[in-house]
Amino acid sequence: MSPRAAARLEQLDFTEVHEYSAGKLDWMAAGLATEGENAARPRAGTVARTDVPICGVDDRLGDVRERTQAAGWDVAVVTNASRVVVGMLRAQELAGDADVLVERAMRPGPSTFRPYVPIKEMADYMSEHKLDSSPITTSDGSLAGVLFRADAVREAEGCPDCVRKMI
Amino acid sequence: MAAAIDRDRLRELVARGAQLVEVLPAEEFREDHLRGAASIPLQDLDRDSAARLDPHRAVIVYCWDAA
């Protein structure tokens, strides 16, 4: 659609026309702000908790468990140096052998969701699939936060019209 | 021919005064749009609607995605 709009503007004598081809999806997937009726409504990215413990694949599981529990969490996200999500450690994995490396203990490749998904849709999806928590990532895979189902359900109850499907 | 740009380049151009135009249907614009964007749906894009824009400044058009 935007290439046609750009071509039309050039026909209309606009001399400097650019096309942001990745579009609004790219902008919102990066967690960037928008304006409009939905802008103030809760979404996955605004409800997600951002202080989740993160660790690397070469960390010792026991160290991560101590750090995670000390921070009051029962989940940690495994990322690379650029905060790209590569795995998850939920309670079951965190309870494993303290001496193994995270790489051996983590659940690789967790399902991730984009920050712009309406919270009602996230709440429904997480309830249907029995997901207690899900990483929220930007379009380049970087961790934006972790959304808990309980938080999503609570926020969705206050936002019944957040129903547009984006997953 | 229009130049394809990425998110970083968009920010640079907007900071220098480029005009943002969303060409999706008005309903989608009402829901969400980039800050400061104008709504000119593709079906409505003609000489009259384009008169809202300054032809001497850069224009950036966008829709939902590259599809």
# chains A, B, ... in the order shown; residues from 1 in each chain; ligands from 1
>>> closest_atom_pairs(of="chain A", to="chain B", cutoff="6 Å", atoms="only C-alpha atoms", output="tab-separated table")
residue	atom	partner	partner_atom	distance
A:Ser2	CA	B:Tyr62	CA	5.2
A:Phe14	CA	B:Pro55	CA	5.0
A:Glu16	CA	B:Ala58	CA	4.8
A:Val17	CA	B:Val59	CA	4.9
A:His18	CA	B:Ile60	CA	4.6
A:Glu19	CA	B:Ala4	CA	4.7
A:Tyr20	CA	B:Ile5	CA	5.1
A:Ser21	CA	B:Ala66	CA	5.1
A:Ala22	CA	B:Asp65	CA	4.8
A:Gly23	CA	B:Asp65	CA	4.4
A:Lys24	CA	B:Trp64	CA	4.8
A:Leu25	CA	B:Trp64	CA	5.4
A:Thr34	CA	B:Leu34	CA	4.9
A:Glu35	CA	B:His33	CA	5.3
A:Gly36	CA	B:Asp32	CA	4.5
A:Glu37	CA	B:Glu31	CA	4.7
A:Asn38	CA	B:Glu31	CA	5.1
>>> write_last_selection(atoms="C-alpha atoms", output="CSV table (one decimal), in the first residue's frame")
chain,number,residue,atom,x,y,z
A,2,SER,CA,2.7,2.5,0.9
A,14,PHE,CA,6.1,15.9,-4.2
A,16,GLU,CA,11.1,14.1,-1.6
A,17,VAL,CA,9.0,11.1,-0.8
A,18,HIS,CA,10.2,8.3,1.5
A,19,GLU,CA,8.5,5.0,2.2
A,20,TYR,CA,8.7,3.5,5.7
A,21,SER,CA,8.1,0.0,4.3
A,22,ALA,CA,8.2,-1.9,7.6
A,23,GLY,CA,5.3,0.3,8.7
A,24,LYS,CA,3.3,0.7,11.8
A,25,LEU,CA,3.8,-3.0,12.7
A,34,THR,CA,1.7,5.7,19.3
A,35,GLU,CA,-1.2,8.1,19.4
A,36,GLY,CA,-4.8,7.2,19.0
A,37,GLU,CA,-7.7,5.5,20.8
A,38,ASN,CA,-5.7,2.5,21.7
>>> residues_around(residues="Pro53 in chain A", least_positions_apart="5", cutoff="10 Å", atoms="only C-alpha atoms", output="ChimeraX atom specification")
/A:64-65,67-69,71-78,145-146
>>> select_by_dssp(residues="range 9-45 of chain B", states="strand (DSSP E or B)", output="ChimeraX atom specification")
/B:19-22,33,38-39
>>> atom_distance(atom1="CA of Leu32 in chain A", atom2="CA of Ser139 in chain A")
11.0 Å
>>> atom_distance(atom1="CA of Pro135 in chain A", atom2="CA of Pro110 in chain A")
7.7 Å
>>> residues_around(residues="Ser111 in chain A", least_positions_apart="2", cutoff="10 Å", atoms="only C-alpha atoms", output="VMD selection string")
chain A and resid 85 87 to 88 108 to 109 113 131 134 to 137
>>> atom_distance(atom1="CA of Val86 in chain A", atom2="CA of Gly62 in chain A")
18.9 Å
>>> select_by_dssp(residues="range 64-145 of chain A", states="alpha helix (DSSP H)", output="ChimeraX atom specification")
/A:64-70,91-94,102-105,119-128
